[in-house]
$ cat query_11.csv   # CSV, C-alpha atoms and all ligand atoms
chain,number,residue,atom,x,y,z
A,1,MET,CA,19.4,17.9,-38.1
A,2,THR,CA,19.9,18.3,-41.8
A,3,GLU,CA,17.6,16.3,-44.0
A,4,SER,CA,20.6,15.2,-46.1
A,5,ALA,CA,22.4,13.4,-43.2
A,6,SER,CA,22.6,9.7,-43.8
A,7,PRO,CA,20.0,7.5,-42.2
A,8,LEU,CA,20.8,6.2,-38.7
A,9,PHE,CA,18.7,3.0,-39.2
A,10,GLU,CA,17.9,0.9,-42.3
A,11,ARG,CA,14.5,-0.4,-41.2
A,12,VAL,CA,12.6,0.8,-38.2
A,13,ALA,CA,9.5,-1.1,-37.0
A,14,ILE,CA,7.0,1.0,-35.1
A,15,VAL,CA,4.6,-1.2,-33.0
A,16,GLY,CA,1.4,0.7,-32.3
A,17,ILE,CA,0.6,3.4,-34.9
A,18,GLY,CA,-1.2,5.8,-32.7
A,19,LEU,CA,-0.5,9.5,-31.8
A,20,ILE,CA,3.1,8.9,-30.8
A,21,GLY,CA,3.9,6.0,-33.1
A,22,SER,CA,2.6,7.8,-36.1
A,23,SER,CA,4.3,11.1,-35.1
A,24,LEU,CA,7.6,9.2,-34.8
A,25,ALA,CA,7.1,7.4,-38.1
A,26,ARG,CA,6.4,10.7,-39.8
A,27,ALA,CA,9.4,12.4,-38.2
A,28,LEU,CA,11.8,9.5,-39.1
A,29,ARG,CA,10.8,9.8,-42.7
A,30,GLN,CA,10.7,13.6,-42.8
A,31,TYR,CA,14.1,14.0,-41.3
A,32,GLY,CA,15.7,11.0,-43.1
A,33,VAL,CA,16.5,9.1,-39.9
A,34,ALA,CA,15.4,5.7,-41.3
A,35,ARG,CA,15.6,4.3,-44.8
A,36,ALA,CA,12.4,2.4,-44.4
A,37,VAL,CA,9.6,2.5,-41.7
A,38,VAL,CA,7.3,-0.5,-41.1
A,39,GLY,CA,4.2,-0.2,-38.9
A,40,ALA,CA,2.4,-2.8,-36.9
A,41,ASP,CA,-0.9,-2.3,-35.1
A,42,ARG,CA,-3.5,-4.7,-33.9
A,43,SER,CA,-6.2,-3.0,-35.9
A,44,GLU,CA,-6.5,-3.6,-39.7
A,45,ALA,CA,-8.1,-0.2,-40.1
A,46,VAL,CA,-5.2,1.6,-38.4
A,47,CYS,CA,-2.7,-0.3,-40.6
A,48,ALA,CA,-4.7,0.7,-43.7
A,49,LYS,CA,-5.0,4.3,-42.6
A,50,ALA,CA,-1.2,4.5,-41.9
A,51,VAL,CA,-0.4,3.3,-45.4
A,52,GLU,CA,-3.0,5.6,-47.0
A,53,LEU,CA,-1.6,8.6,-45.2
A,54,GLY,CA,1.9,7.7,-46.2
A,55,ILE,CA,3.0,7.5,-42.6
A,56,VAL,CA,4.8,4.1,-43.1
A,57,ASP,CA,6.0,2.2,-46.1
A,58,VAL,CA,4.1,-0.9,-45.1
A,59,ALA,CA,1.9,-2.0,-42.2
A,60,THR,CA,0.8,-5.3,-40.8
A,61,THR,CA,-1.2,-6.6,-37.9
A,62,GLU,CA,1.5,-9.3,-37.4
A,63,VAL,CA,4.2,-7.9,-35.0
A,64,PRO,CA,6.6,-10.8,-35.8
A,65,VAL,CA,6.4,-9.9,-39.5
A,66,ALA,CA,7.0,-6.2,-38.8
A,67,VAL,CA,10.1,-6.7,-36.7
A,68,GLU,CA,11.7,-9.2,-39.2
A,69,GLY,CA,14.9,-7.6,-40.5
A,70,ALA,CA,14.4,-4.3,-38.5
A,71,ASP,CA,17.6,-2.8,-36.9
A,72,LEU,CA,15.4,-0.7,-34.6
A,73,VAL,CA,12.0,-1.7,-33.1
A,74,VAL,CA,10.1,1.0,-31.2
A,75,LEU,CA,7.2,-0.1,-29.0
A,76,CYS,CA,4.5,2.6,-29.1
A,77,THR,CA,1.5,0.8,-27.7
A,78,PRO,CA,0.0,1.6,-24.2
A,79,VAL,CA,2.6,0.2,-21.7
A,80,GLY,CA,0.2,-2.5,-20.4
A,81,ALA,CA,0.6,-4.3,-23.8
A,82,TYR,CA,4.4,-4.3,-23.7
A,83,ALA,CA,5.0,-7.7,-22.0
A,84,ALA,CA,2.8,-9.6,-24.5
A,85,VAL,CA,4.2,-7.7,-27.5
A,86,ALA,CA,7.8,-8.4,-26.4
A,87,GLU,CA,7.1,-12.1,-26.0
A,88,THR,CA,5.5,-12.3,-29.4
A,89,MET,CA,8.4,-10.6,-31.3
A,90,ALA,CA,11.4,-12.0,-29.3
A,91,ASP,CA,12.2,-14.9,-31.7
A,92,HIS,CA,11.9,-12.8,-34.8
A,93,LEU,CA,14.3,-10.0,-33.8
A,94,MET,CA,17.4,-9.6,-35.9
A,95,PRO,CA,20.7,-10.2,-34.0
A,96,GLY,CA,22.2,-6.8,-33.2
A,97,ALA,CA,18.8,-5.1,-33.4
A,98,VAL,CA,18.0,-2.3,-30.9
A,99,VAL,CA,14.6,-2.3,-29.1
A,100,SER,CA,13.3,0.9,-27.7
A,101,ASP,CA,10.0,2.4,-26.7
A,102,VAL,CA,8.1,5.7,-26.0
A,103,GLY,CA,6.2,4.7,-22.8
A,104,SER,CA,5.4,7.2,-20.1
A,105,VAL,CA,6.7,5.0,-17.3
A,106,LYS,CA,10.1,3.4,-17.3
A,107,GLN,CA,10.8,0.9,-14.5
A,108,ALA,CA,7.8,-1.3,-15.4
A,109,VAL,CA,8.8,-1.2,-19.0
A,110,VAL,CA,12.3,-2.6,-18.2
A,111,ARG,CA,10.6,-5.2,-15.9
A,112,ASP,CA,8.1,-6.3,-18.7
A,113,VAL,CA,10.3,-6.2,-21.8
A,114,ALA,CA,13.9,-7.0,-20.9
A,115,PRO,CA,13.4,-10.6,-19.8
A,116,SER,CA,11.9,-11.6,-23.2
A,117,LEU,CA,14.7,-10.2,-25.4
A,118,PRO,CA,17.4,-12.6,-26.7
A,119,PRO,CA,21.1,-12.0,-26.1
A,120,GLY,CA,22.6,-9.7,-28.7
A,121,VAL,CA,19.6,-7.4,-28.8
A,122,ALA,CA,20.0,-4.1,-26.9
A,123,PHE,CA,17.1,-2.6,-25.0
A,124,ILE,CA,17.2,1.2,-24.7
A,125,PRO,CA,13.9,2.6,-23.3
A,126,ALA,CA,13.0,6.2,-24.0
A,127,HIS,CA,10.2,8.7,-23.3
A,128,PRO,CA,9.5,11.6,-25.5
A,129,VAL,CA,7.9,14.2,-23.1
A,130,ALA,CA,5.6,15.4,-25.8
A,131,GLY,CA,2.0,14.7,-26.6
A,132,THR,CA,-1.6,15.9,-27.0
A,133,GLU,CA,-5.0,14.7,-25.8
A,134,HIS,CA,-5.7,13.1,-29.1
A,135,SER,CA,-5.2,9.5,-30.2
A,136,GLY,CA,-4.7,7.4,-33.4
A,137,PRO,CA,-2.7,7.8,-36.6
A,138,GLU,CA,-4.5,10.8,-37.9
A,139,ALA,CA,-3.6,12.8,-34.7
A,140,GLY,CA,0.1,12.5,-35.2
A,141,PHE,CA,2.5,15.0,-36.8
A,142,ALA,CA,6.2,15.0,-37.5
A,143,GLU,CA,6.9,18.2,-35.5
A,144,LEU,CA,5.5,16.9,-32.3
A,145,PHE,CA,9.0,16.4,-30.7
A,146,GLN,CA,10.5,19.7,-31.8
A,147,GLY,CA,12.0,21.5,-28.8
A,148,ARG,CA,10.7,18.8,-26.4
A,149,TRP,CA,12.7,16.7,-24.0
A,150,CYS,CA,13.2,13.0,-24.7
A,151,ILE,CA,14.4,11.1,-21.6
A,152,VAL,CA,16.5,8.0,-22.4
A,153,THR,CA,16.8,5.5,-19.6
A,154,PRO,CA,19.3,2.7,-20.5
A,155,PRO,CA,19.1,-0.1,-17.9
A,156,PRO,CA,22.4,-1.0,-16.1
A,157,GLY,CA,24.8,-2.7,-18.5
A,158,ALA,CA,23.0,-1.5,-21.6
A,159,ALA,CA,25.2,-1.2,-24.7
A,160,ALA,CA,26.5,2.4,-24.8
A,161,GLU,CA,26.7,2.5,-28.6
A,162,ALA,CA,23.0,1.5,-28.9
A,163,ALA,CA,22.0,4.1,-26.2
A,164,GLU,CA,23.9,6.8,-28.2
A,165,LYS,CA,22.2,5.8,-31.4
A,166,VAL,CA,18.7,6.1,-29.8
A,167,ALA,CA,19.6,9.5,-28.3
A,168,ASP,CA,20.8,10.6,-31.7
A,169,LEU,CA,17.5,9.5,-33.3
A,170,TRP,CA,15.6,11.8,-30.9
A,171,ARG,CA,18.0,14.7,-31.5
A,172,ARG,CA,17.5,14.3,-35.2
A,173,VAL,CA,13.7,14.6,-34.9
A,174,GLY,CA,14.2,17.8,-32.9
A,175,SER,CA,14.2,16.8,-29.3
A,176,ARG,CA,16.6,17.6,-26.5
A,177,VAL,CA,17.9,14.5,-24.8
A,178,GLU,CA,18.5,13.7,-21.1
A,179,VAL,CA,19.8,10.4,-19.9
A,180,MET,CA,18.4,9.2,-16.6
A,181,GLU,CA,17.9,6.1,-14.5
A,182,PRO,CA,14.4,4.6,-14.9
A,183,ALA,CA,13.5,5.1,-11.2
A,184,ARG,CA,14.4,8.8,-11.3
A,185,HIS,CA,12.4,9.2,-14.5
A,186,ASP,CA,9.3,7.7,-12.8
A,187,ARG,CA,9.6,9.9,-9.7
A,188,ILE,CA,9.9,13.1,-11.7
A,189,LEU,CA,7.1,12.2,-14.2
A,190,ALA,CA,4.8,11.3,-11.3
A,191,ILE,CA,4.8,14.9,-10.2
A,192,THR,CA,5.1,16.7,-13.6
A,193,SER,CA,2.7,14.6,-15.6
A,194,HIS,CA,0.9,11.8,-13.8
A,195,LEU,CA,-0.4,13.7,-10.8
A,196,PRO,CA,-1.7,16.6,-12.9
A,197,HIS,CA,-3.6,14.1,-15.1
A,198,LEU,CA,-5.0,12.4,-12.0
A,199,ILE,CA,-6.2,15.8,-10.7
A,200,ALA,CA,-7.7,16.8,-14.0
A,201,TYR,CA,-9.6,13.4,-14.2
A,202,THR,CA,-10.8,14.0,-10.7
A,203,ILE,CA,-12.1,17.6,-11.2
A,204,VAL,CA,-13.8,16.9,-14.5
A,205,GLY,CA,-15.2,13.6,-13.0
A,206,THR,CA,-16.6,15.6,-10.1
A,207,ALA,CA,-18.3,18.0,-12.5
A,208,ALA,CA,-19.6,15.0,-14.5
A,209,ASP,CA,-21.3,13.7,-11.4
A,210,LEU,CA,-23.1,17.0,-10.6
A,211,GLU,CA,-26.9,17.2,-11.1
A,212,GLU,CA,-27.8,18.1,-14.7
A,213,GLU,CA,-28.7,21.8,-14.2
A,214,THR,CA,-25.4,22.6,-12.5
A,215,LYS,CA,-23.5,20.6,-15.0
A,216,SER,CA,-24.8,22.6,-18.0
A,217,ALA,CA,-23.8,25.8,-16.2
A,218,VAL,CA,-20.3,24.4,-15.6
A,219,ILE,CA,-19.9,23.7,-19.3
A,220,GLN,CA,-21.3,27.1,-20.3
A,221,PHE,CA,-19.0,29.0,-17.9
A,222,SER,CA,-16.0,26.7,-18.3
A,223,ALA,CA,-13.5,29.4,-19.2
A,224,GLY,CA,-12.8,30.1,-15.5
A,225,GLY,CA,-10.0,27.4,-15.3
A,226,PHE,CA,-12.1,24.3,-15.8
A,227,ARG,CA,-11.7,24.3,-19.5
A,228,ASP,CA,-7.9,23.6,-19.3
A,229,PHE,CA,-8.6,20.6,-17.0
A,230,THR,CA,-11.1,19.2,-19.5
A,231,ARG,CA,-8.4,19.2,-22.2
A,232,ILE,CA,-6.1,17.1,-20.0
A,233,ALA,CA,-8.9,14.9,-18.9
A,234,ALA,CA,-9.7,14.1,-22.5
A,235,SER,CA,-6.5,12.1,-22.8
A,236,ASP,CA,-6.5,8.5,-23.8
A,237,PRO,CA,-8.2,6.4,-21.1
A,238,ILE,CA,-6.3,3.2,-21.8
A,239,MET,CA,-2.9,4.9,-22.0
A,240,TRP,CA,-3.5,6.6,-18.6
A,241,ARG,CA,-5.0,3.5,-16.9
A,242,ASP,CA,-1.7,1.8,-17.8
A,243,VAL,CA,0.4,4.7,-16.6
A,244,PHE,CA,-1.2,4.6,-13.1
A,245,LEU,CA,-1.1,0.9,-12.8
A,246,ASN,CA,2.6,0.8,-13.8
A,247,ASN,CA,3.9,3.8,-11.8
A,248,ARG,CA,2.0,3.0,-8.7
A,249,GLU,CA,4.6,3.6,-5.9
A,250,ALA,CA,5.8,7.0,-7.2
A,251,VAL,CA,2.3,8.2,-7.9
A,252,LEU,CA,1.0,7.1,-4.5
A,253,GLU,CA,3.9,8.9,-2.8
A,254,VAL,CA,3.3,12.3,-4.5
A,255,LEU,CA,-0.4,11.9,-4.1
A,256,GLN,CA,0.2,11.5,-0.3
A,257,ARG,CA,2.2,14.8,-0.2
A,258,PHE,CA,-0.4,16.5,-2.5
A,259,THR,CA,-3.2,15.4,-0.1
A,260,GLU,CA,-1.4,16.9,2.9
A,261,ASP,CA,-0.8,20.2,1.1
A,262,LEU,CA,-4.4,20.3,0.0
A,263,THR,CA,-5.5,19.8,3.6
A,264,ALA,CA,-3.2,22.6,4.7
A,265,LEU,CA,-4.8,25.0,2.2
A,266,GLN,CA,-8.3,23.8,3.2
A,267,ARG,CA,-7.4,24.7,6.8
A,268,ALA,CA,-6.1,28.1,5.7
A,269,ILE,CA,-9.3,28.9,3.9
A,270,ARG,CA,-11.4,27.7,6.9
A,271,TRP,CA,-9.5,29.9,9.4
A,272,GLY,CA,-9.2,32.9,7.1
A,273,GLU,CA,-5.4,32.7,7.0
A,274,GLY,CA,-4.9,35.0,4.0
A,275,ASP,CA,-1.1,35.2,4.5
A,276,VAL,CA,-0.7,31.4,4.2
A,277,LEU,CA,-2.7,31.4,0.9
A,278,GLN,CA,-0.8,34.4,-0.5
A,279,GLU,CA,2.6,33.0,0.4
A,280,ARG,CA,1.7,29.7,-1.3
A,281,PHE,CA,0.3,31.4,-4.5
A,282,THR,CA,3.4,33.6,-4.7
A,283,LYS,CA,5.7,30.6,-4.6
A,284,THR,CA,3.8,28.8,-7.4
A,285,ARG,CA,3.9,31.9,-9.6
A,286,ALA,CA,7.8,31.6,-9.5
A,287,ILE,CA,7.6,28.0,-10.8
A,288,ARG,CA,5.6,29.2,-13.8
A,289,ARG,CA,8.2,31.9,-14.5
A,290,GLY,CA,10.9,29.2,-14.4
A,291,ILE,CA,9.1,27.1,-16.9
A,292,ILE,CA,8.7,30.1,-19.3
A,293,ASP,CA,12.5,30.8,-18.9
A,294,ALA,CA,13.3,27.2,-19.7
A,295,LYS,CA,11.2,27.5,-22.9
A,296,GLN,CA,8.8,24.7,-21.8
A,297,ALA,CA,5.7,26.8,-21.7
A,301,LIG,P1,-2.7,5.7,-29.1
A,301,LIG,O1,-2.8,6.9,-30.0
A,301,LIG,O2,-3.9,5.1,-28.4
A,301,LIG,O3,-1.9,4.6,-29.9
A,301,LIG,C1,-1.6,3.3,-29.5
A,301,LIG,C2,-1.8,2.4,-30.6
A,301,LIG,O4,-1.3,1.1,-30.2
A,301,LIG,C3,-3.3,2.2,-31.0
A,301,LIG,O5,-3.4,2.1,-32.4
A,301,LIG,C4,-3.6,0.8,-30.4
A,301,LIG,O6,-4.7,0.1,-31.0
A,301,LIG,C5,-2.3,0.1,-30.6
A,301,LIG,N1,-2.2,-1.1,-29.8
A,301,LIG,C6,-2.6,-1.4,-28.5
A,301,LIG,N2,-2.3,-2.6,-28.1
A,301,LIG,C7,-1.6,-3.1,-29.2
A,301,LIG,C8,-0.9,-4.4,-29.4
A,301,LIG,N3,-1.0,-5.3,-28.4
A,301,LIG,N4,-0.3,-4.6,-30.6
A,301,LIG,C9,-0.3,-3.7,-31.5
A,301,LIG,N5,-0.9,-2.5,-31.4
A,301,LIG,C10,-1.5,-2.2,-30.2
A,301,LIG,O7,-1.7,6.0,-27.9
A,301,LIG,P2,-0.5,7.1,-27.8
A,301,LIG,O8,-0.9,8.3,-27.2
A,301,LIG,O9,0.2,7.1,-29.1
A,301,LIG,O10,0.4,6.4,-26.7
A,301,LIG,C11,1.3,5.3,-27.0
A,301,LIG,C12,2.5,5.2,-26.0
A,301,LIG,O11,3.1,6.5,-26.0
A,301,LIG,C13,2.0,4.9,-24.6
A,301,LIG,O12,2.9,3.9,-24.1
A,301,LIG,C14,2.2,6.2,-23.9
A,301,LIG,O13,2.5,6.0,-22.5
A,301,LIG,C15,3.3,6.9,-24.6
A,301,LIG,N6,3.2,8.4,-24.6
A,301,LIG,C16,2.1,9.0,-24.9
A,301,LIG,C17,2.0,10.4,-24.8
A,301,LIG,C18,0.7,11.2,-25.1
A,301,LIG,O14,0.6,12.3,-24.8
A,301,LIG,N7,-0.3,10.6,-25.7
A,301,LIG,C19,3.2,11.1,-24.6
A,301,LIG,C20,4.4,10.4,-24.4
A,301,LIG,C21,4.4,9.1,-24.4
A,301,LIG,P3,-6.2,0.3,-30.4
A,301,LIG,O15,-6.6,1.7,-30.7
A,301,LIG,O16,-6.9,-0.8,-31.1
A,301,LIG,O17,-6.1,0.0,-28.9

$ encode --input "query_11.csv" --output "structure tokens"
Amino acid sequence: MTESASPLFERVAIVGIGLIGSSLARALRQYGVARAVVGADRSEAVCAKAVELGIVDVATTEVPVAVEGADLVVLCTPVGAYAAVAETMADHLMPGAVVSDVGSVKQAVVRDVAPSLPPGVAFIPAHPVAGTEHSGPEAGFAELFQGRWCIVTPPPGAAAEAAEKVADLWRRVGSRVEVMEPARHDRILAITSHLPHLIAYTIVGTAADLEEETKSAVIQFSAGGFRDFTRIAASDPIMWRDVFLNNREAVLEVLQRFTEDLTALQRAIRWGEGDVLQERFTKTRAIRRGIIDAKQA
């Protein structure tokens, strides 16, 4: 996108000025996507920090005040907070406004937000598949979405023009956009993102429960693979609690398959079936090559 292109939105309200909200706010300003960016967060300190860092034009702890006059509202809190936020802001939304979000699950978001929105307001959920293990407004940066996918999941009957505008926003901040049904999004992300986080939390949790002497050796020699898991397992606990509670079915389904596959490998190790192990490890190597070829490494 060229920085001189005219703004897509006049006034964007970002609710939740954390890692993703502050990155989006920065990108909207940097790439000239919005004329004004207003922030809302439940914490006074976060609001003050966001203004001090020049992330937003103004910030408030009052969601209804932030959404007043906004032609786009983007929910960027953990998804467990969406229902209450949607209810609080509903009566203050401008007719014709678009409401969107960045949540890591999509069916639950449609379930929790859509019923509160008044007629004449379009709801176009989206999920930028980009992030880090850090939280809060200081962790954000405008380039976070560059070259990353953003999955837009308009519910059935959603206004096509609004969906296109939201997709355009994400393209302008550097993302590649894919449009998908919410249920399909949740199934795919259960395997590509949610299960890996669950595994990382488990492995690091197992290490945390080891007796002290072994634990300090684990930390000292962590480069042998464990270190990469600790980065993922340092991700925001509240955000991830909400992801698992809100994508329950899809996560439980992939977890069941994962458990069966793990048991098969356990059996191969027990019975010394080297060919089984080698075949499995060769297959997984090909997936890694595919990810590198798709420039997602
Ligand atoms: P974050 O850094 O913790 O930011 C969330 C912000 O929202 C915090 O400042 C939080 O305040 C605030 N908040 C919580 N409840 C609120 C409420 N009811 N009203 C107003 N503000 C509220 O989290 P994040 O990583 O940016 O994640 C935000 C969303 O992005 C989540 O829905 C997540 O699923 C999605 N997402 C995250 C990633 C990632 O890698 N992190 C990637 C893609 C999408 P407190 O600190 O006081 O709780």

$ residues_near_ligand --input "query_11.csv" --ligand "ligand LIG 301 (chain A)" --cutoff "6 Å" --atoms "all atoms listed in the file" --output "list in words"
Val15, Gly16, Ile17, Gly18, Leu19, Ile20, Gly21, Asp41, Arg42, Ser43, Cys76, Thr77, Pro78, Val79, Ala81, Val85, Val102, Gly103, Ser104, His127, Pro128, Val129, Ala130, Gly131, Thr132, Ser135, Gly136 and Met239 of chain A

$ write_last_selection --input "query_11.csv" --atoms "C-alpha atoms" --output "mmCIF file, in the coordinates of the input"
data_model
loop_
_atom_site.group_PDB
_atom_site.id
_atom_site.type_symbol
_atom_site.label_atom_id
_atom_site.label_comp_id
_atom_site.auth_asym_id
_atom_site.auth_seq_id
_atom_site.Cartn_x
_atom_site.Cartn_y
_atom_site.Cartn_z
ATOM 1 C CA VAL A 15 4.600 -1.200 -33.000
ATOM 2 C CA GLY A 16 1.400 0.700 -32.300
ATOM 3 C CA ILE A 17 0.600 3.400 -34.900
ATOM 4 C CA GLY A 18 -1.200 5.800 -32.700
ATOM 5 C CA LEU A 19 -0.500 9.500 -31.800
ATOM 6 C CA ILE A 20 3.100 8.900 -30.800
ATOM 7 C CA GLY A 21 3.900 6.000 -33.100
ATOM 8 C CA ASP A 41 -0.900 -2.300 -35.100
ATOM 9 C CA ARG A 42 -3.500 -4.700 -33.900
ATOM 10 C CA SER A 43 -6.200 -3.000 -35.900
ATOM 11 C CA CYS A 76 4.500 2.600 -29.100
ATOM 12 C CA THR A 77 1.500 0.800 -27.700
ATOM 13 C CA PRO A 78 0.000 1.600 -24.200
ATOM 14 C CA VAL A 79 2.600 0.200 -21.700
ATOM 15 C CA ALA A 81 0.600 -4.300 -23.800
ATOM 16 C CA VAL A 85 4.200 -7.700 -27.500
ATOM 17 C CA VAL A 102 8.100 5.700 -26.000
ATOM 18 C CA GLY A 103 6.200 4.700 -22.800
ATOM 19 C CA SER A 104 5.400 7.200 -20.100
ATOM 20 C CA HIS A 127 10.200 8.700 -23.300
ATOM 21 C CA PRO A 128 9.500 11.600 -25.500
ATOM 22 C CA VAL A 129 7.900 14.200 -23.100
ATOM 23 C CA ALA A 130 5.600 15.400 -25.800
ATOM 24 C CA GLY A 131 2.000 14.700 -26.600
ATOM 25 C CA THR A 132 -1.600 15.900 -27.000
ATOM 26 C CA SER A 135 -5.200 9.500 -30.200
ATOM 27 C CA GLY A 136 -4.700 7.400 -33.400
ATOM 28 C CA MET A 239 -2.900 4.900 -22.000
#

$ residues_around --input "query_11.csv" --residues "range 198-207 of chain A" --least-positions-apart "2" --cutoff "6 Å" --atoms "only C-alpha atoms" --output "VMD selection string"
chain A and resid 195 to 196 209 to 210 229 233

$ residues_around --input "query_11.csv" --residues "range 63-69 of chain A" --least-positions-apart "5" --cutoff "8 Å" --atoms "only C-alpha atoms" --output "VMD selection string"
chain A and resid 11 13 15 38 to 41 85 88 to 89 92 to 94

$ residues_around --input "query_11.csv" --residues "range 160-168 of chain A" --least-positions-apart "5" --cutoff "7 Å" --atoms "only C-alpha atoms" --output "ChimeraX atom specification"
/A:98,122,124,152,154,177

$ closest_residue --input "query_11.csv" --among "A:Glu133, A:Val121, A:Asp186, A:Leu24" --to "Ile232 in chain A" --atoms "only C-alpha atoms"
A:Glu133

$ closest_residue --input "query_11.csv" --among "A:Gln30, A:Gln107, A:Ser100, A:Ser193" --to "Val254 in chain A" --atoms "only C-alpha atoms"
A:Ser193

$ decode --input "query_11.csv" --residues "range 228-240 of chain A" --atoms "N, CA, C and O atoms" --output "PDB file, in the first residue's frame"
ATOM      1  N   ASP A 228      12.672 -23.533  22.582  1.00  0.00           N
ATOM      2  CA  ASP A 228      11.647 -23.052  21.652  1.00  0.00           C
ATOM      3  C   ASP A 228      10.245 -23.199  22.252  1.00  0.00           C
ATOM      4  O   ASP A 228       9.363 -22.381  22.020  1.00  0.00           O
ATOM      5  N   PHE A 229      10.055 -24.285  23.017  1.00  0.00           N
ATOM      6  CA  PHE A 229       8.754 -24.468  23.672  1.00  0.00           C
ATOM      7  C   PHE A 229       8.527 -23.409  24.744  1.00  0.00           C
ATOM      8  O   PHE A 229       7.407 -22.972  24.961  1.00  0.00           O
ATOM      9  N   THR A 230       9.613 -23.003  25.444  1.00  0.00           N
ATOM     10  CA  THR A 230       9.421 -22.014  26.522  1.00  0.00           C
ATOM     11  C   THR A 230       8.965 -20.674  25.942  1.00  0.00           C
ATOM     12  O   THR A 230       8.216 -19.951  26.582  1.00  0.00           O
ATOM     13  N   ARG A 231       9.400 -20.358  24.722  1.00  0.00           N
ATOM     14  CA  ARG A 231       8.954 -19.092  24.113  1.00  0.00           C
ATOM     15  C   ARG A 231       7.438 -19.145  23.895  1.00  0.00           C
ATOM     16  O   ARG A 231       6.709 -18.236  24.278  1.00  0.00           O
ATOM     17  N   ILE A 232       6.964 -20.249  23.322  1.00  0.00           N
ATOM     18  CA  ILE A 232       5.518 -20.364  23.069  1.00  0.00           C
ATOM     19  C   ILE A 232       4.749 -20.402  24.397  1.00  0.00           C
ATOM     20  O   ILE A 232       3.701 -19.773  24.538  1.00  0.00           O
ATOM     21  N   ALA A 233       5.309 -21.118  25.372  1.00  0.00           N
ATOM     22  CA  ALA A 233       4.609 -21.260  26.655  1.00  0.00           C
ATOM     23  C   ALA A 233       4.673 -19.985  27.496  1.00  0.00           C
ATOM     24  O   ALA A 233       4.086 -19.937  28.581  1.00  0.00           O
ATOM     25  N   ALA A 234       5.366 -18.953  27.003  1.00  0.00           N
ATOM     26  CA  ALA A 234       5.379 -17.670  27.711  1.00  0.00           C
ATOM     27  C   ALA A 234       4.246 -16.775  27.208  1.00  0.00           C
ATOM     28  O   ALA A 234       4.103 -15.637  27.645  1.00  0.00           O
ATOM     29  N   SER A 235       3.416 -17.274  26.297  1.00  0.00           N
ATOM     30  CA  SER A 235       2.324 -16.470  25.734  1.00  0.00           C
ATOM     31  C   SER A 235       1.288 -16.131  26.800  1.00  0.00           C
ATOM     32  O   SER A 235       1.158 -16.838  27.800  1.00  0.00           O
ATOM     33  N   ASP A 236       0.532 -15.080  26.521  1.00  0.00           N
ATOM     34  CA  ASP A 236      -0.397 -14.529  27.514  1.00  0.00           C
ATOM     35  C   ASP A 236      -1.386 -15.570  28.074  1.00  0.00           C
ATOM     36  O   ASP A 236      -2.168 -16.159  27.314  1.00  0.00           O
ATOM     37  N   PRO A 237      -1.367 -15.788  29.396  1.00  0.00           N
ATOM     38  CA  PRO A 237      -2.224 -16.841  29.985  1.00  0.00           C
ATOM     39  C   PRO A 237      -3.717 -16.592  29.831  1.00  0.00           C
ATOM     40  O   PRO A 237      -4.485 -17.543  29.635  1.00  0.00           O
ATOM     41  N   ILE A 238      -4.138 -15.325  29.900  1.00  0.00           N
ATOM     42  CA  ILE A 238      -5.582 -15.041  29.820  1.00  0.00           C
ATOM     43  C   ILE A 238      -6.071 -15.237  28.389  1.00  0.00           C
ATOM     44  O   ILE A 238      -7.100 -15.873  28.138  1.00  0.00           O
ATOM     45  N   MET A 239      -5.286 -14.715  27.438  1.00  0.00           N
ATOM     46  CA  MET A 239      -5.658 -14.892  26.034  1.00  0.00           C
ATOM     47  C   MET A 239      -5.804 -16.376  25.715  1.00  0.00           C
ATOM     48  O   MET A 239      -6.784 -16.806  25.103  1.00  0.00           O
ATOM     49  N   TRP A 240      -4.850 -17.188  26.165  1.00  0.00           N
ATOM     50  CA  TRP A 240      -4.871 -18.610  25.803  1.00  0.00           C
ATOM     51  C   TRP A 240      -5.918 -19.402  26.572  1.00  0.00           C
ATOM     52  O   TRP A 240      -6.507 -20.337  26.035  1.00  0.00           O
TER      53      TRP A 240
END
